[in-house]
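Below is final38.tsv, holding TSV, C-alpha atoms.
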```tsv
chain	number	residue	atom	x	y	z
A	1	MET	CA	0.00	0.00	0.00
A	2	THR	CA	1.37	3.41	-0.98
A	3	SER	CA	0.33	6.74	0.45
A	4	ALA	CA	0.05	10.10	-1.30
A	5	ASN	CA	2.96	12.47	-0.87
A	6	PRO	CA	1.87	14.95	1.85
A	7	VAL	CA	4.39	17.60	0.71
A	8	ASP	CA	3.73	20.07	-2.11
A	9	PRO	CA	6.93	19.99	-4.23
A	10	ASN	CA	6.64	23.67	-5.27
A	11	SER	CA	8.51	26.64	-3.78
A	12	ILE	CA	6.61	28.74	-1.26
A	13	ARG	CA	6.42	32.35	-2.46
A	14	LEU	CA	4.33	33.83	0.33
A	15	THR	CA	2.01	33.00	3.18
A	16	GLY	CA	-0.43	35.30	4.92
A	17	GLU	CA	-3.75	36.86	3.86
A	18	ASN	CA	-5.15	38.48	0.72
A	19	SER	CA	-8.67	39.66	1.52
A	20	PHE	CA	-10.61	41.68	-1.02
A	21	ILE	CA	-13.76	43.68	-1.66
A	22	ARG	CA	-15.04	44.43	-5.15
A	23	LEU	CA	-18.15	46.60	-5.25
A	24	VAL	CA	-20.50	46.56	-8.24
A	25	GLU	CA	-23.21	48.99	-9.37
A	26	ASP	CA	-25.37	48.45	-12.49
A	27	GLY	CA	-23.09	45.60	-13.57
A	28	GLU	CA	-19.93	47.74	-13.42
A	29	GLN	CA	-17.18	47.46	-10.81
A	30	THR	CA	-17.01	50.76	-8.88
A	31	THR	CA	-14.26	50.01	-6.36
A	32	ARG	CA	-11.71	47.20	-6.11
A	33	THR	CA	-9.39	46.48	-3.18
A	34	SER	CA	-6.69	43.90	-2.54
A	35	HIS	CA	-5.55	43.86	1.11
A	36	TRP	CA	-2.42	41.86	1.96
A	37	ARG	CA	-1.18	40.83	5.39
A	38	VAL	CA	2.01	38.86	4.65
A	39	LEU	CA	3.93	36.79	7.18
A	40	TYR	CA	6.59	35.42	4.80
A	41	SER	CA	7.74	36.40	1.29
A	42	PRO	CA	10.90	37.38	-0.60
A	43	GLY	CA	9.74	40.99	-0.03
A	44	GLY	CA	9.53	40.45	3.72
A	45	ALA	CA	6.53	40.66	6.03
A	46	GLY	CA	4.03	43.48	6.27
A	47	HIS	CA	0.82	44.96	4.90
A	48	VAL	CA	-0.21	46.40	1.53
A	49	LEU	CA	-3.50	47.81	0.27
A	50	PHE	CA	-4.15	48.24	-3.44
A	51	ILE	CA	-7.29	50.28	-4.14
A	52	LYS	CA	-8.95	51.45	-7.36
A	53	SER	CA	-11.88	53.79	-6.85
A	54	ASP	CA	-13.23	57.16	-7.84
A	55	LEU	CA	-12.84	58.03	-4.14
A	56	VAL	CA	-9.04	58.00	-4.64
A	57	GLU	CA	-9.05	59.17	-8.29
A	58	GLY	CA	-7.68	56.00	-9.84
A	59	VAL	CA	-5.29	53.54	-8.20
A	60	ARG	CA	-3.39	53.97	-4.95
A	61	VAL	CA	-0.97	51.73	-3.07
A	62	TYR	CA	-0.58	51.93	0.73
A	63	ALA	CA	2.04	49.89	2.61
A	64	ASP	CA	4.12	49.56	5.73
A	65	ASN	CA	6.82	47.75	3.71
A	66	ILE	CA	7.65	49.26	0.29
A	67	ALA	CA	9.77	46.25	-0.73
A	68	LEU	CA	6.78	43.97	-0.12
A	69	ALA	CA	4.49	46.21	-2.19
A	70	ARG	CA	6.90	46.17	-5.13
A	71	TRP	CA	7.40	42.41	-4.87
A	72	LEU	CA	3.62	41.80	-4.80
A	73	GLN	CA	3.21	44.05	-7.85
A	74	GLU	CA	5.81	42.11	-9.82
A	75	GLU	CA	5.10	38.56	-8.66
A	76	ILE	CA	1.34	38.39	-8.07
A	77	GLU	CA	-0.71	41.50	-8.86
A	78	SER	CA	0.71	41.44	-12.42
A	79	LEU	CA	-1.29	38.21	-12.81
A	80	LEU	CA	-4.37	39.12	-10.76
A	81	PHE	CA	-5.04	42.75	-11.72
A	82	PRO	CA	-2.37	44.47	-13.87
A	83	GLU	CA	-3.51	48.00	-12.93
A	84	PHE	CA	-2.28	47.27	-9.39
A	85	ALA	CA	1.09	46.11	-10.78
A	86	ASP	CA	2.13	49.52	-12.17
A	87	GLN	CA	5.44	50.19	-10.41
A	88	SER	CA	5.32	53.88	-11.32
A	89	LEU	CA	2.56	54.22	-8.69
A	90	GLN	CA	3.75	55.89	-5.49
A	91	VAL	CA	3.70	53.64	-2.43
A	92	ILE	CA	2.11	55.66	0.38
A	93	GLU	CA	3.26	54.84	3.91
A	94	ALA	CA	0.43	53.85	6.24
A	95	GLU	CA	-0.43	52.00	9.43
A	96	PHE	CA	-2.66	48.94	9.32
A	97	ASN	CA	-5.03	47.73	12.05
A	98	ARG	CA	-7.83	45.19	12.30
A	99	LYS	CA	-10.75	44.35	14.55
A	100	GLY	CA	-13.79	42.14	14.61
A	101	ASP	CA	-14.57	38.45	14.18
A	102	THR	CA	-16.00	36.21	11.49
A	103	TYR	CA	-19.42	35.93	13.15
A	104	THR	CA	-20.47	39.58	13.06
A	105	TYR	CA	-18.02	41.78	11.11
A	106	TRP	CA	-14.34	42.27	10.25
A	107	THR	CA	-12.77	45.70	9.65
A	108	GLU	CA	-9.32	46.55	8.31
A	109	THR	CA	-8.21	50.16	8.84
A	110	ILE	CA	-5.46	51.79	6.80
A	111	GLU	CA	-4.40	55.29	7.86
A	112	ASN	CA	-1.76	57.98	7.75
A	113	ASP	CA	-1.76	61.75	8.32
A	114	ASP	CA	-3.82	62.35	5.16
A	115	ASP	CA	-6.11	59.36	4.72
A	116	GLN	CA	-8.24	56.87	6.60
A	117	ILE	CA	-9.59	53.90	4.67
A	118	THR	CA	-11.79	51.20	6.16
A	119	LEU	CA	-12.74	47.89	4.60
A	120	THR	CA	-15.56	46.05	6.38
A	121	TRP	CA	-16.95	42.58	5.67
A	122	TYR	CA	-20.20	41.35	7.29
A	123	ASN	CA	-23.13	38.94	6.85
A	124	PHE	CA	-20.78	36.00	6.30
A	125	LEU	CA	-21.39	32.85	4.27
A	126	GLU	CA	-19.98	29.39	5.00
A	127	PRO	CA	-16.14	29.30	4.71
A	128	PHE	CA	-14.45	26.98	2.22
A	129	MET	CA	-10.94	26.03	1.17
A	130	LEU	CA	-9.80	27.36	-2.22
A	131	THR	CA	-7.28	25.01	-3.84
A	132	VAL	CA	-5.59	25.94	-7.12
A	133	PRO	CA	-2.58	23.68	-7.85
A	134	ALA	CA	0.48	25.30	-9.45
A	135	GLY	CA	0.20	25.48	-13.22
A	136	SER	CA	-3.51	24.54	-13.29
A	137	ALA	CA	-4.83	27.98	-14.32
A	138	PRO	CA	-3.96	29.13	-17.88
A	139	GLY	CA	-1.29	31.84	-17.89
A	140	ARG	CA	-0.58	31.48	-14.15
A	141	PRO	CA	2.34	29.37	-12.96
A	142	HIS	CA	1.41	29.84	-9.31
A	143	GLY	CA	-0.73	27.69	-7.10
A	144	VAL	CA	-2.72	29.11	-4.20
A	145	TYR	CA	-4.34	27.58	-1.15
A	146	SER	CA	-6.62	29.81	0.93
A	147	CYS	CA	-9.42	29.70	3.48
A	148	PHE	CA	-12.12	31.89	1.91
A	149	ILE	CA	-14.71	33.43	4.23
A	150	PRO	CA	-17.14	35.13	1.83
A	151	ALA	CA	-19.39	37.98	2.93
A	152	ARG	CA	-22.78	38.89	1.52
A	153	SER	CA	-22.09	42.52	2.44
A	154	GLY	CA	-19.11	44.86	2.47
A	155	ARG	CA	-18.34	48.51	2.89
A	156	ILE	CA	-15.39	50.66	1.84
A	157	THR	CA	-14.90	54.18	3.19
A	158	VAL	CA	-12.23	56.71	2.26
A	159	ASN	CA	-11.97	59.68	4.62
A	160	GLY	CA	-15.56	59.11	5.73
A	161	ASP	CA	-17.04	58.79	2.23
A	162	ASP	CA	-18.70	55.50	1.24
A	163	ALA	CA	-17.74	53.84	-2.01
A	164	ALA	CA	-20.71	53.26	-4.30
A	165	GLY	CA	-21.88	49.78	-5.16
A	166	GLU	CA	-22.67	46.49	-3.50
A	167	VAL	CA	-21.12	43.07	-3.04
A	168	ALA	CA	-22.11	40.57	-5.74
A	169	LEU	CA	-22.74	36.90	-5.02
A	170	GLU	CA	-20.76	34.49	-7.23
A	171	MET	CA	-19.89	30.81	-7.31
A	172	ARG	CA	-16.40	29.36	-6.88
A	173	GLY	CA	-16.72	25.82	-8.11
A	174	GLU	CA	-19.63	24.37	-6.17
A	175	LYS	CA	-19.32	26.82	-3.27
A	176	GLN	CA	-21.30	30.00	-2.80
A	177	SER	CA	-18.91	32.93	-2.67
A	178	SER	CA	-18.99	36.67	-3.27
A	179	SER	CA	-16.96	39.63	-4.45
A	180	ALA	CA	-15.98	40.31	-0.81
A	181	CYS	CA	-13.93	37.60	0.87
A	182	LEU	CA	-11.62	37.32	3.80
A	183	ALA	CA	-8.86	35.14	2.34
A	184	TRP	CA	-6.86	33.84	5.27
A	185	SER	CA	-4.19	31.20	5.75
A	186	GLU	CA	-3.28	31.94	2.13
A	187	THR	CA	-0.16	30.39	0.65
A	188	TRP	CA	1.15	30.95	-2.88
A	189	VAL	CA	3.52	28.42	-4.45
A	190	ARG	CA	5.39	28.25	-7.76
A	191	PRO	CA	7.38	25.48	-9.51
```
Encoded form using structure tokens:
Amino acid sequence: MTSANPVDPNSIRLTGENSFIRLVEDGEQTTRTSHWRVLYSPGGAGHVLFIKSDLVEGVRVYADNIALARWLQEEIESLLFPEFADQSLQVIEAEFNRKGDTYTYWTETIENDDDQITLTWYNFLEPFMLTVPAGSAPGRPHGVYSCFIPARSGRITVNGDDAAGEVALEMRGEKQSSSACLAWSETWVRP
């Protein structure tokens, strides 16, 4: 009797979190965020927020580790959402905080002397494990493993102003998901 190999043979590129909220109004995406809390990567540990919204007049990048932001742009955001991968974008220094739980709400706060941004997820759906083996998605060499905790509702504020739009429900395989997910225990690998 042989057993399956319990070790993924690929190189670990990062582990941490990559939660997101994408708001939609009349079928069009109004605001898109990609929030990273990284424990391990070639760019080091830290936090990065990529945001595209009319509330910030285009795309902004906030971070407490510039090297991590640039590494994420090159290695991962270039595959996920190329507008976030533009390395000519200024990386704005900010502090990152969190509060809440996965039963009522979760809020990430990003702030500096000029801006305060909050991302809030609530009205949660059943969590599930996302599993994408390395090389299985066309055009993407990476694999990703993540505990998705989808929310039916989400809110984004920038300096007290609410972003327009709502969370959209969507399927991921056979699991009910949404355009607003906490994506925790996330690990990216590459051959």
(request) Go through A:Ala168, A:Ile92, A:Leu79, A:Ala85 one by one, measure the shortest atom-to-atom distance of each to His47 of chain A using all atoms listed in the file, and give the residue with the smallest value. (result)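 Between A:Ala168, A:Ile92, A:Leu79, A:Ala85, the residue approaching His47 of chain A most closely is A:Ile92.
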(message) Using only C-alpha atoms for the distances, tell me which of A:Leu119, A:Met129, A:Ala94, A:Ala183 is nearest to Thr31 of chain A.
(response)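 That would be A:Leu119, the residue with the smallest distance to Thr31 of chain A.
Near Lys175 of chain A, within a cut-off of 12 Å and counting only C-alpha atoms, sit the residues Leu125, Glu126, Pro127, Phe128, Met129, Leu130, Phe148, Ile149, Pro150, Leu169, Glu170, Met171, Arg172, Gly173, Ser177 and Ser178 of chain A, with same-chain residues fewer than 2 positions away left out.
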(message) What does the structure give for the distance between atom CA of Glu186 of chain A and atom CA of Ser11 of chain A, in Å to one decimal?
(response)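 Calculated distance between atom CA of Glu186 of chain A and atom CA of Ser11 of chain A is 14.2 Å.
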(request) Fewer than 4 positions away in the same chain doesn't count, so skip those; otherwise give me all residues within 9 Å of segment 49-66 of chain A, counting all atoms listed in the file, as a PyMOL selection string. (result) chain A and resi 30-37+43-45+70-71+83-84+89-96+110-111+157-159+161-163
Around all listed atoms of segment 129-136 of chain A, padded 8 Å per side, what centre and edge lengths does the axis-aligned box have in Å to one decimal, as lines of an AutoDock Vina configuration file?
```
center_x = -5.2
center_y = 25.5
center_z = -6.1
size_x = 27.4
size_y = 19.7
size_z = 30.5
```
(request) Provide the atom CA of Asp115 of chain A to atom CA of Ser41 of chain A distance in Å, to one decimal place. (result)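 One can read the atom CA of Asp115 of chain A to atom CA of Ser41 of chain A distance as 27.0 Å.
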(request) Could you check which of A:Thr102, A:Gln116, A:Ser19, A:Asn10 is closest to Ser185 of chain A, using only C-alpha atoms? (result) A:Ser19
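For the atom pair formed by atom CA of Arg22 of chain A and atom CA of Ile156 of chain A, the distance is 9.4 Å, given to one decimal.
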(message) Given only C-alpha atoms as the basis, pick out the residue of A:Thr104, A:Thr120, A:Ser179, A:Asn112 nearest to Leu23 of chain A.
(response) A:Ser179
(request) Return the single residue from A:Ala151, A:Ala164, A:Val24, A:Ala134 that is closest to Leu182 of chain A, with distances computed using only C-alpha atoms. (result)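 Closest to Leu182 of chain A of all the choices is A:Ala151.
Nearest residue to Ser153 of chain A among A:Val48, A:Val189, A:Ile21, A:Leu72 is A:Ile21, counting all atoms listed in the file.
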(message) I'd like the neighbourhood of Arg140 of chain A as a PyMOL selection string, where a residue qualifies if any of its atoms comes within 10 Å (using all atoms listed in the file), though same-chain residues fewer than 2 positions away should be ignored.
(response) chain A and resi 76+79-80+134-138+142-143+190
